[in-house]
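*Asks:* Sharing entry.txt here; it has compact mmCIF, C-alpha atoms.
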```txt
# COMPACT_ATOMS: atom_id res chain seq x y z
CA ALA A 1 -0.71 21.53 -4.13
CA VAL A 2 2.46 19.49 -3.71
CA CYS A 3 4.44 19.32 -0.47
CA PHE A 4 8.16 18.57 -0.74
CA MET A 5 9.44 16.59 2.23
CA GLY A 6 13.19 16.24 2.54
CA PRO A 7 16.24 17.19 4.54
CA HIS A 8 15.09 20.81 4.66
CA PRO A 9 11.98 22.33 6.31
CA LEU A 10 8.71 21.67 4.51
CA HIS A 11 8.34 23.36 1.12
CA VAL A 12 4.85 23.75 -0.31
CA LEU A 13 3.83 24.93 -3.79
CA PRO A 14 2.06 27.28 -3.41
CA VAL A 15 3.24 28.01 0.14
CA PRO A 16 0.32 28.50 2.53
CA PRO A 17 0.71 29.59 6.18
CA SER A 18 0.64 26.56 8.46
CA ARG A 19 -2.56 27.72 10.17
CA ARG A 20 -4.25 27.97 6.78
CA HIS A 21 -3.20 24.39 6.06
CA TRP A 22 -4.65 23.31 9.40
CA SER A 23 -8.05 24.89 8.75
CA MET A 24 -8.10 23.39 5.24
CA CYS A 25 -7.78 19.90 6.76
CA GLU A 26 -10.55 20.57 9.26
CA SER A 27 -13.03 22.00 6.77
CA ARG A 28 -12.61 19.20 4.20
CA THR A 29 -12.76 16.22 6.56
CA ASN A 30 -15.71 17.54 8.50
CA ALA A 31 -17.70 17.87 5.29
CA GLU A 32 -16.94 14.50 3.68
CA ALA A 33 -17.05 11.05 5.27
CA PRO A 34 -15.17 8.03 3.88
CA SER A 35 -16.96 5.10 2.27
CA LEU A 36 -14.88 2.14 3.45
CA SER A 37 -17.36 -0.43 2.15
CA GLN A 38 -15.98 0.35 -1.32
CA ILE A 39 -12.56 -0.99 -0.33
CA SER A 40 -13.60 -3.81 2.03
CA ASP A 41 -11.82 -6.39 -0.15
CA LEU A 42 -8.53 -4.44 0.02
CA LEU A 43 -8.84 -4.14 3.79
CA ALA A 44 -9.58 -7.85 4.06
CA ASP A 45 -6.61 -9.03 1.99
CA GLY A 46 -4.14 -6.65 3.65
CA THR A 47 -3.48 -4.44 0.62
CA VAL A 48 -4.71 -1.56 2.80
CA GLN A 49 -3.79 -1.33 6.48
CA VAL A 50 -5.14 1.32 8.82
CA TRP A 51 -3.30 3.05 11.65
CA LYS A 52 -5.57 4.82 14.13
CA ARG A 53 -4.47 7.50 16.54
CA SER A 54 -7.05 6.37 19.10
CA LEU A 55 -5.49 2.89 19.22
CA ALA A 56 -1.82 3.92 19.05
CA PRO A 57 0.47 3.47 22.06
CA LYS A 58 1.19 6.66 23.99
CA GLU A 59 4.87 6.72 23.01
CA ALA A 60 3.87 6.87 19.31
CA LEU A 61 2.11 10.21 19.86
CA ALA A 62 5.20 12.25 20.55
CA GLY A 63 4.38 15.39 18.58
CA GLY A 64 5.85 16.71 15.35
CA ALA A 65 9.17 15.65 13.86
CA ARG A 66 11.73 18.45 13.97
CA GLY A 67 13.18 18.88 10.50
CA ALA A 68 9.96 17.71 8.85
CA GLY A 69 8.49 21.19 8.67
CA HIS A 70 8.42 21.57 12.45
CA SER A 71 10.73 23.72 14.54
CA VAL A 72 11.61 23.59 18.23
CA LYS A 73 8.69 25.96 18.84
CA THR A 74 6.01 24.10 16.87
CA PHE A 75 6.63 20.37 17.27
CA GLU A 76 4.87 20.14 20.64
CA GLN A 77 1.62 21.50 19.13
CA HIS A 78 1.52 18.82 16.45
CA VAL A 79 -1.66 16.73 16.21
CA GLU A 80 -1.29 13.38 14.44
CA PRO A 81 -3.87 12.37 11.81
CA GLU A 82 -6.82 10.43 13.18
CA GLU A 83 -6.35 7.69 10.56
CA ILE A 84 -3.56 6.74 8.18
CA PHE A 85 -4.41 4.31 5.36
CA VAL A 86 -1.23 2.55 4.18
CA VAL A 87 -1.62 1.12 0.67
CA GLY A 88 0.98 -1.48 -0.33
CA THR A 89 1.63 -1.39 -4.06
CA SER A 90 3.80 -2.57 -6.88
CA HIS A 91 5.10 0.47 -8.76
CA ILE A 92 4.69 -1.23 -12.16
CA SER A 93 1.33 -2.95 -11.66
CA ARG A 94 -1.89 -1.70 -13.24
CA LYS A 95 -3.78 -3.57 -10.53
CA SER A 96 -1.99 -1.47 -7.89
CA ALA A 97 -2.88 1.71 -9.77
CA GLU A 98 -6.54 0.69 -9.70
CA ASP A 99 -6.30 -0.09 -5.97
CA VAL A 100 -4.76 3.31 -5.22
CA ASP A 101 -7.45 5.11 -7.20
CA ARG A 102 -10.21 3.23 -5.36
CA VAL A 103 -8.74 3.91 -1.92
CA ILE A 104 -8.28 7.65 -2.45
CA ARG A 105 -11.77 8.12 -3.86
CA ALA A 106 -13.31 6.07 -1.04
CA VAL A 107 -11.32 7.60 1.84
CA ARG A 108 -11.24 11.19 0.48
CA PRO A 109 -8.15 12.07 2.52
CA ASP A 110 -6.66 15.46 3.30
CA ASN A 111 -3.22 14.33 2.16
CA VAL A 112 -1.79 11.59 -0.03
CA VAL A 113 1.77 10.69 0.93
CA VAL A 114 3.71 9.01 -1.89
CA GLU A 115 6.98 7.11 -1.73
CA LEU A 116 8.76 9.71 -3.85
CA CYS A 117 11.20 12.55 -3.28
CA ARG A 118 11.59 15.81 -5.18
CA SER A 119 14.15 14.30 -7.58
CA ARG A 120 11.73 11.51 -8.56
CA ALA A 121 8.48 13.49 -8.54
CA GLY A 122 8.49 13.79 -12.34
CA ILE A 123 7.29 10.21 -12.80
CA MET A 124 3.90 11.26 -11.36
CA TYR A 125 3.45 13.53 -14.36
CA ALA A 126 4.84 11.28 -17.10
CA ASP A 127 2.23 10.86 -19.81
CA GLY A 128 1.97 9.32 -23.24
CA GLY A 129 5.44 8.66 -24.68
CA ASP A 130 7.08 9.90 -21.48
CA VAL A 131 5.84 6.81 -19.64
CA GLU A 132 8.16 4.54 -21.60
CA LYS A 133 11.08 6.83 -20.79
CA SER A 134 10.16 7.29 -17.13
CA ASN A 135 12.53 5.88 -14.56
CA ALA A 136 12.56 6.48 -10.82
CA LEU A 137 16.35 6.90 -10.98
CA SER A 138 16.54 9.33 -13.89
CA ILE A 139 17.39 13.01 -13.58
CA TRP A 140 14.07 14.81 -13.90
CA GLY A 141 13.15 18.45 -14.38
CA ASN A 142 13.06 21.25 -16.93
CA ASP A 143 16.49 22.41 -15.78
CA PRO A 144 18.88 19.41 -15.89
CA ILE A 145 21.85 21.53 -14.76
CA LYS A 146 20.01 22.56 -11.61
CA ALA A 147 18.90 18.95 -11.07
CA LEU A 148 22.48 17.71 -11.38
CA SER A 149 23.69 20.42 -9.01
CA ARG A 150 21.06 19.43 -6.45
CA SER A 151 21.98 15.74 -6.76
CA ILE A 152 25.66 16.48 -6.16
CA SER A 153 24.95 18.80 -3.23
CA LEU A 154 22.77 16.17 -1.53
CA GLY A 155 24.70 13.00 -2.27
CA GLY A 156 28.04 13.93 -3.77
CA PRO A 157 29.58 12.83 -7.10
CA VAL A 158 29.87 9.13 -6.19
CA ALA A 159 26.16 8.90 -5.35
CA LEU A 160 25.37 10.65 -8.64
CA LEU A 161 27.54 8.14 -10.54
CA LEU A 162 25.77 5.20 -8.87
CA ARG A 163 22.42 6.76 -9.70
CA VAL A 164 23.37 7.10 -13.37
CA LEU A 165 24.60 3.48 -13.46
CA LEU A 166 21.33 2.30 -11.91
CA ALA A 167 19.25 4.37 -14.32
CA ARG A 168 21.14 3.05 -17.37
CA ASN A 169 21.27 -0.59 -16.29
CA PRO A 170 19.38 -2.52 -19.02
CA VAL A 171 17.88 -5.01 -16.55
CA LEU A 172 16.43 -2.27 -14.37
CA GLN A 173 15.33 -0.27 -17.41
CA GLN A 174 13.26 -3.21 -18.61
CA THR A 175 11.83 -3.93 -15.17
CA LEU A 176 11.03 -0.30 -14.38
CA LYS A 177 9.85 0.89 -17.78
CA GLU A 178 6.45 1.75 -16.29
CA THR A 179 7.67 2.66 -12.83
CA GLY A 180 5.29 4.96 -11.01
CA ILE A 181 1.98 3.86 -12.50
CA ASP A 182 0.60 3.73 -8.94
CA PHE A 183 1.93 7.22 -8.20
CA ARG A 184 0.37 8.63 -11.36
CA ALA A 185 -2.94 7.15 -10.25
CA ALA A 186 -2.46 8.67 -6.79
CA ARG A 187 -1.77 12.11 -8.23
CA LYS A 188 -4.83 12.06 -10.51
CA ALA A 189 -7.17 10.78 -7.79
CA ALA A 190 -5.79 13.28 -5.26
CA GLU A 191 -6.45 16.13 -7.67
CA ASP A 192 -10.01 14.93 -8.20
CA VAL A 193 -10.85 14.78 -4.48
CA GLY A 194 -8.92 17.93 -3.57
CA ALA A 195 -6.19 16.22 -1.51
CA THR A 196 -2.61 17.50 -1.22
CA ILE A 197 0.20 15.30 -2.56
CA VAL A 198 3.08 14.98 -0.09
CA LEU A 199 6.46 13.75 -1.35
CA GLY A 200 7.27 11.60 1.63
CA ASP A 201 10.43 9.67 0.81
CA ARG A 202 13.99 10.60 1.66
CA PRO A 203 15.89 12.22 -1.24
CA ILE A 204 17.30 9.45 -3.41
CA GLU A 205 20.72 11.16 -3.42
CA ILE A 206 20.95 10.85 0.38
CA THR A 207 19.76 7.23 0.31
CA ILE A 208 22.36 6.29 -2.30
CA GLU A 209 25.19 8.04 -0.45
CA ARG A 210 24.25 6.42 2.87
CA ALA A 211 23.97 3.07 1.06
CA PHE A 212 27.35 3.20 -0.69
CA ARG A 213 29.07 4.45 2.48
CA SER A 214 27.70 1.42 4.30
CA LEU A 215 29.54 -0.90 1.86
CA SER A 216 33.11 -2.05 2.14
CA LYS A 217 35.43 -1.06 -0.73
CA GLN A 218 35.25 -4.59 -2.12
CA GLU A 219 31.44 -4.65 -1.96
CA LEU A 220 31.24 -1.23 -3.60
CA PHE A 221 33.54 -2.31 -6.44
CA GLN A 222 31.49 -5.50 -6.99
CA LEU A 223 28.23 -3.57 -7.01
CA VAL A 224 29.46 -0.89 -9.43
CA SER A 225 30.90 -3.58 -11.73
CA LEU A 226 27.60 -5.47 -11.67
CA LEU A 227 25.55 -2.36 -12.44
CA GLY A 228 27.93 -1.21 -15.14
CA SER A 229 27.98 -4.56 -16.93
CA GLY A 230 24.18 -4.86 -17.14
CA VAL A 231 24.44 -8.65 -17.36
CA GLY A 232 21.20 -10.40 -18.18
CA LYS A 233 17.92 -9.18 -19.61
CA LEU A 234 14.31 -9.83 -18.71
CA ASP A 235 11.65 -11.15 -21.04
CA PRO A 236 9.69 -8.07 -22.21
CA GLU A 237 6.44 -9.69 -21.02
CA SER A 238 7.77 -10.75 -17.62
CA SER A 239 7.69 -7.36 -15.87
CA GLU A 240 3.93 -7.17 -15.26
CA ALA A 241 3.70 -10.88 -14.43
CA LEU A 242 6.49 -10.59 -11.86
CA SER A 243 4.81 -7.55 -10.35
CA ASP A 244 1.40 -9.19 -10.03
CA SER A 245 2.86 -12.36 -8.52
CA ALA A 246 4.75 -10.27 -6.00
CA LEU A 247 1.49 -8.63 -4.94
CA LYS A 248 -0.16 -12.00 -4.41
CA ASP A 249 2.76 -13.66 -2.63
CA LYS A 250 4.44 -11.69 0.15
CA ASP A 251 7.14 -14.39 0.35
CA ILE A 252 8.53 -13.18 -3.00
CA LEU A 253 9.20 -9.73 -1.58
CA GLU A 254 10.59 -11.16 1.63
CA GLY A 255 12.79 -13.41 -0.50
CA LEU A 256 14.11 -10.41 -2.43
CA GLU A 257 14.98 -8.63 0.82
CA LYS A 258 16.63 -11.79 2.14
CA SER A 259 18.67 -12.12 -1.06
CA LEU A 260 19.74 -8.49 -0.80
CA ALA A 261 20.72 -8.94 2.84
CA GLU A 262 22.75 -12.06 2.01
CA SER A 263 24.63 -10.44 -0.88
CA TYR A 264 25.09 -6.98 0.62
CA PRO A 265 23.77 -7.14 4.22
CA SER A 266 24.79 -3.58 5.01
CA LEU A 267 22.39 -2.25 2.33
CA LEU A 268 19.27 -3.41 4.14
CA GLU A 269 19.44 -0.65 6.74
CA PRO A 270 19.72 2.42 4.42
CA LEU A 271 17.50 1.06 1.63
CA ILE A 272 14.66 -0.46 3.65
CA VAL A 273 14.71 0.14 7.41
CA GLU A 274 15.65 3.83 7.38
CA ARG A 275 13.15 4.65 4.66
CA ASP A 276 10.37 2.86 6.54
CA ILE A 277 11.04 5.24 9.45
CA PHE A 278 11.25 8.28 7.15
CA LEU A 279 7.96 7.48 5.40
CA SER A 280 6.19 6.90 8.72
CA LEU A 281 7.43 10.26 10.04
CA THR A 282 6.13 12.05 6.95
CA ALA A 283 2.71 10.40 7.18
CA LYS A 284 2.29 10.91 10.94
CA SER A 285 4.57 13.64 12.28
CA SER A 286 5.31 16.17 9.51
CA MET A 287 3.85 19.66 9.33
CA ALA A 288 2.05 18.59 6.12
CA VAL A 289 -0.32 16.31 8.06
CA ASN A 290 -0.68 18.46 11.18
CA GLY A 291 -4.30 18.44 12.37
CA CYS A 292 -5.63 16.33 9.50
CA LYS A 293 -8.16 13.56 9.96
CA ARG A 294 -7.30 11.14 7.17
CA VAL A 295 -4.09 10.47 5.27
CA VAL A 296 -3.43 7.88 2.55
CA ALA A 297 0.16 6.65 2.23
CA VAL A 298 1.08 4.97 -1.08
CA VAL A 299 4.21 2.87 -0.53
CA GLY A 300 5.81 -0.17 -2.07
CA LYS A 301 4.57 -3.52 -0.80
CA GLY A 302 8.00 -4.18 0.66
CA HIS A 303 7.69 -1.08 2.85
CA ALA A 304 4.07 -1.42 4.00
CA LYS A 305 4.72 -3.73 6.94
CA GLY A 306 7.69 -1.68 8.15
CA VAL A 307 5.84 1.63 7.83
CA MET A 308 2.89 0.27 9.84
CA ARG A 309 5.26 -0.90 12.56
CA CYS A 310 7.09 2.43 12.66
CA LEU A 311 3.83 4.39 12.90
CA SER A 312 3.28 2.80 16.31
CA GLU A 313 6.80 3.67 17.48
CA ASN A 314 8.48 6.92 18.45
CA HIS A 315 11.09 7.95 15.87
CA ASN A 316 10.63 11.72 16.04
CA GLY A 317 14.23 12.47 16.91
CA LYS A 318 15.55 10.53 13.93
CA PHE A 319 14.43 12.71 11.02
CA LYS A 320 17.58 14.83 10.86
CA THR A 321 19.77 11.83 11.64
CA LEU A 322 18.32 9.95 8.66
CA THR A 323 19.19 12.82 6.32
CA TRP A 324 22.77 13.30 7.53
CA THR A 325 25.62 12.58 5.10
CA PRO A 326 29.26 13.68 5.08
CA THR A 327 28.61 15.59 1.83
CA ARG A 328 25.79 17.66 3.31
CA ALA A 329 27.70 18.19 6.55
CA ALA A 330 30.73 19.45 4.62
CA LEU A 331 28.65 21.88 2.58
CA LYS A 332 27.00 23.24 5.74
CA ASP A 333 30.35 23.86 7.42
CA LYS A 334 31.25 27.38 6.24
CA VAL A 335 34.20 29.71 6.83
CA PHE A 336 33.15 33.15 8.07
CA GLY A 337 29.57 31.92 7.62
CA VAL A 338 29.78 32.38 3.84
CA VAL A 339 32.17 30.06 1.96
CA PRO A 340 31.75 26.27 2.36
CA ARG A 341 34.78 24.84 4.14
CA VAL A 342 35.11 22.09 1.52
CA ILE A 343 35.80 24.78 -1.12
CA VAL A 344 38.28 26.58 1.14
CA ASN A 345 40.09 23.29 1.84
CA ARG A 346 40.28 22.58 -1.89
CA LEU A 347 41.71 26.05 -2.57
CA VAL A 348 44.28 25.57 0.17
CA VAL A 349 45.35 22.20 -1.25
CA ASP A 350 45.52 23.55 -4.81
CA THR A 351 47.59 26.54 -3.63
CA ILE A 352 50.06 24.32 -1.78
CA VAL A 353 50.41 22.02 -4.81
CA PHE A 354 50.96 25.03 -7.09
CA VAL A 355 53.65 26.51 -4.80
CA LEU A 356 55.45 23.17 -4.52
CA LEU A 357 55.40 22.67 -8.28
CA PHE A 358 56.59 26.23 -8.84
CA TYR A 359 59.65 25.91 -6.60
CA THR A 360 60.41 22.39 -7.85
CA LEU A 361 60.55 23.69 -11.42
CA LYS A 362 62.71 26.62 -10.30
CA LEU A 363 65.17 24.20 -8.69
CA VAL A 364 65.25 21.81 -11.65
CA PHE A 365 65.29 24.50 -14.35
CA PRO A 366 66.83 27.60 -12.72
CA SER A 367 67.40 29.31 -16.08
CA ILE A 368 63.70 29.24 -17.04
CA ASN A 369 61.83 32.48 -16.57
CA MET A 370 58.50 31.37 -15.05
CA PHE A 371 56.75 34.69 -15.76
```
Produce structure tokens that represent the structure in this file.

*Replies:*
Amino acid sequence: AVCFMGPHPLHVLPVPPSRRHWSMCESRTNAEAPSLSQISDLLADGTVQVWKRSLAPKEALAGGARGAGHSVKTFEQHVEPEEIFVVGTSHISRKSAEDVDRVIRAVRPDNVVVELCRSRAGIMYADGGDVEKSNALSIWGNDPIKALSRSISLGGPVALLLRVLLARNPVLQQTLKETGIDFRAARKAAEDVGATIVLGDRPIEITIERAFRSLSKQELFQLVSLLGSGVGKLDPESSEALSDSALKDKDILEGLEKSLAESYPSLLEPLIVERDIFLSLTAKSSMAVNGCKRVVAVVGKGHAKGVMRCLSENHNGKFKTLTWTPTRAALKDKVFGVVPRVIVNRLVVDTIVFVLLFYTLKLVFPSINMF
């Protein structure tokens, strides 16, 4: 089963009643114990970090996150997982894929939370020739029209344009040609041990819109120009080497974040900090993990430290805030509870423009019969 976490209540395919999901967690974890000796090296070097409910501060155990599958009536009954294993990975490293596979088979969790959203879930299923074409920023799905419609409704046309520019940038295409190898390993291992995959990241459309709205007009123009130009190309053999070195040296990742903050400091909040909070809420406070004993969270190395910190903090009231954008707010605002106000406003503007043009032409060319 796959759980879709996002700005809407939890969607599960197939959709089981929440009590059925609870009992499934209990029956599996009671029957199978983890074998942590198999991943002792990953625990020792920090690749895997463990959050434990029994050791968490009281304020971190604040119930379910409203908007993450929980309602006002259910969030108080939420029970956080007993243990959350956070695996820091590189999304293009075969070593990370092996680590993820080992952790899931050793821990045998109820749920595996991956740093993906519904729009990017396709990279978990890319196989054979599709791997070379896979890209975390591409438009995935059997119905591209529906996928485009969803992207626009969540992030608006500007966010969609930025996403297309990112996906087509030759530098990123080379770097991310095998993006998601760790997620594919997570999906296969989860299927083998009977765990549920939870798509735990914020929709990319919302992240992009919140990111570009945080930029000044000058910064946005510079960023779009840079992405559109696609200046510079990576050595074809450098992608895996860069990935492996990043795994060994945390300073490389911290340096990348520092560089990003120096060039576009306002991007750090929507791209890193907010998503750390979102991922931690999915792994700890969503309906998908309610009552479970063990959860494995597969996140990028650059997010692992932030997610661990956020797990021990109370961010429950932030889930809906983190998914708010002007585009979504406008679409939710409806006239007579049916027609989105943004459409009504557009019709009003178009009508006014038409009337003005009509009477202007009548004044300028009074002899012309308009109908």

*Asks:* Pick out the closest residue to Phe75 of chain A from this set: A:Pro109, A:Gly317, A:Pro34, A:Gly122. Count all atoms listed in the file.

*Replies:*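 Looking only at the distances to Phe75 of chain A, the closest residue turns out to be A:Gly317.
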
*Asks:* Would you mind telling me which residue in A:Met287, A:Ala189, A:Ile272, A:Leu223 lies nearest to Lys301 of chain A when using all atoms listed in the file?

*Replies:*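 Answer, going by the shortest atom-to-atom distance: A:Ile272.
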
*Asks:* Between atom CA of Thr282 of chain A and atom CA of Asn314 of chain A, what is the spacing in Å?

*Replies:*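 Going from atom CA of Asn314 of chain A over to atom CA of Thr282 of chain A, I get 12.8 Å.
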
*Asks:* A:Ala97, A:Val295, A:Cys310, A:Ile204: which is nearest Pro270 of chain A, counting all atoms listed in the file?

*Replies:*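 The answer is A:Ile204, which sits nearest to Pro270 of chain A.
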
*Asks:* Please indicate the distance in Å from atom CA of Ile104 of chain A to atom CA of Lys58 of chain A, rounded to one decimal place.

*Replies:*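 Those two atoms sit 28.1 Å apart.
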
*Asks:* Go ahead and compute the interatomic distance for atom CA of Ile181 of chain A and atom CA of Asp101 of chain A, in Å to one decimal.

*Replies:* 10.9 Å

*Asks:* Using only C-alpha atoms, determine which residues lie at most 7 Å from Ala106 of chain A, disregarding the query and same-chain residues fewer than 4 positions distant; provide the list as a PyMOL selection string.

*Replies:* chain A and resi 34-36+38+102

*Asks:* Quick one: residues within 12 Å of segment 48-56 of chain A, all atoms listed in the file counted, chain neighbours fewer than 2 positions away excluded, as number ranges by chain?

*Replies:* A: 36, 39-46, 58-62, 79-89, 96, 99-100, 102-104, 107, 280, 283-285, 291-301, 304-314

*Asks:* Please save C-alpha atoms of the selected residues as a PDB file, in the coordinates of the input.

*Replies:*
```pdb
ATOM      1  CA  LEU A  36     -14.880   2.140   3.450  1.00  0.00           C
ATOM      2  CA  ILE A  39     -12.560  -0.990  -0.330  1.00  0.00           C
ATOM      3  CA  SER A  40     -13.600  -3.810   2.030  1.00  0.00           C
ATOM      4  CA  ASP A  41     -11.820  -6.390  -0.150  1.00  0.00           C
ATOM      5  CA  LEU A  42      -8.530  -4.440   0.020  1.00  0.00           C
ATOM      6  CA  LEU A  43      -8.840  -4.140   3.790  1.00  0.00           C
ATOM      7  CA  ALA A  44      -9.580  -7.850   4.060  1.00  0.00           C
ATOM      8  CA  ASP A  45      -6.610  -9.030   1.990  1.00  0.00           C
ATOM      9  CA  GLY A  46      -4.140  -6.650   3.650  1.00  0.00           C
ATOM     10  CA  LYS A  58       1.190   6.660  23.990  1.00  0.00           C
ATOM     11  CA  GLU A  59       4.870   6.720  23.010  1.00  0.00           C
ATOM     12  CA  ALA A  60       3.870   6.870  19.310  1.00  0.00           C
ATOM     13  CA  LEU A  61       2.110  10.210  19.860  1.00  0.00           C
ATOM     14  CA  ALA A  62       5.200  12.250  20.550  1.00  0.00           C
ATOM     15  CA  VAL A  79      -1.660  16.730  16.210  1.00  0.00           C
ATOM     16  CA  GLU A  80      -1.290  13.380  14.440  1.00  0.00           C
ATOM     17  CA  PRO A  81      -3.870  12.370  11.810  1.00  0.00           C
ATOM     18  CA  GLU A  82      -6.820  10.430  13.180  1.00  0.00           C
ATOM     19  CA  GLU A  83      -6.350   7.690  10.560  1.00  0.00           C
ATOM     20  CA  ILE A  84      -3.560   6.740   8.180  1.00  0.00           C
ATOM     21  CA  PHE A  85      -4.410   4.310   5.360  1.00  0.00           C
ATOM     22  CA  VAL A  86      -1.230   2.550   4.180  1.00  0.00           C
ATOM     23  CA  VAL A  87      -1.620   1.120   0.670  1.00  0.00           C
ATOM     24  CA  GLY A  88       0.980  -1.480  -0.330  1.00  0.00           C
ATOM     25  CA  THR A  89       1.630  -1.390  -4.060  1.00  0.00           C
ATOM     26  CA  SER A  96      -1.990  -1.470  -7.890  1.00  0.00           C
ATOM     27  CA  ASP A  99      -6.300  -0.090  -5.970  1.00  0.00           C
ATOM     28  CA  VAL A 100      -4.760   3.310  -5.220  1.00  0.00           C
ATOM     29  CA  ARG A 102     -10.210   3.230  -5.360  1.00  0.00           C
ATOM     30  CA  VAL A 103      -8.740   3.910  -1.920  1.00  0.00           C
ATOM     31  CA  ILE A 104      -8.280   7.650  -2.450  1.00  0.00           C
ATOM     32  CA  VAL A 107     -11.320   7.600   1.840  1.00  0.00           C
ATOM     33  CA  SER A 280       6.190   6.900   8.720  1.00  0.00           C
ATOM     34  CA  ALA A 283       2.710  10.400   7.180  1.00  0.00           C
ATOM     35  CA  LYS A 284       2.290  10.910  10.940  1.00  0.00           C
ATOM     36  CA  SER A 285       4.570  13.640  12.280  1.00  0.00           C
ATOM     37  CA  GLY A 291      -4.300  18.440  12.370  1.00  0.00           C
ATOM     38  CA  CYS A 292      -5.630  16.330   9.500  1.00  0.00           C
ATOM     39  CA  LYS A 293      -8.160  13.560   9.960  1.00  0.00           C
ATOM     40  CA  ARG A 294      -7.300  11.140   7.170  1.00  0.00           C
ATOM     41  CA  VAL A 295      -4.090  10.470   5.270  1.00  0.00           C
ATOM     42  CA  VAL A 296      -3.430   7.880   2.550  1.00  0.00           C
ATOM     43  CA  ALA A 297       0.160   6.650   2.230  1.00  0.00           C
ATOM     44  CA  VAL A 298       1.080   4.970  -1.080  1.00  0.00           C
ATOM     45  CA  VAL A 299       4.210   2.870  -0.530  1.00  0.00           C
ATOM     46  CA  GLY A 300       5.810  -0.170  -2.070  1.00  0.00           C
ATOM     47  CA  LYS A 301       4.570  -3.520  -0.800  1.00  0.00           C
ATOM     48  CA  ALA A 304       4.070  -1.420   4.000  1.00  0.00           C
ATOM     49  CA  LYS A 305       4.720  -3.730   6.940  1.00  0.00           C
ATOM     50  CA  GLY A 306       7.690  -1.680   8.150  1.00  0.00           C
ATOM     51  CA  VAL A 307       5.840   1.630   7.830  1.00  0.00           C
ATOM     52  CA  MET A 308       2.890   0.270   9.840  1.00  0.00           C
ATOM     53  CA  ARG A 309       5.260  -0.900  12.560  1.00  0.00           C
ATOM     54  CA  CYS A 310       7.090   2.430  12.660  1.00  0.00           C
ATOM     55  CA  LEU A 311       3.830   4.390  12.900  1.00  0.00           C
ATOM     56  CA  SER A 312       3.280   2.800  16.310  1.00  0.00           C
ATOM     57  CA  GLU A 313       6.800   3.670  17.480  1.00  0.00           C
ATOM     58  CA  ASN A 314       8.480   6.920  18.450  1.00  0.00           C
TER      59      ASN A 314
END
```

*Asks:* Ranking A:Arg118, A:Lys217, A:Arg210, A:Arg105 by minimum distance to Ala190 of chain A and counting only C-alpha atoms, which one comes first?

*Replies:* A:Arg105

*Asks:* Which of these residues is nearest to Glu205 of chain A, using only C-alpha atoms: A:Lys320, A:Arg328, A:Arg66, A:Lys95?

*Replies:*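 Using only C-alpha atoms, Glu205 of chain A sits closest to A:Arg328.
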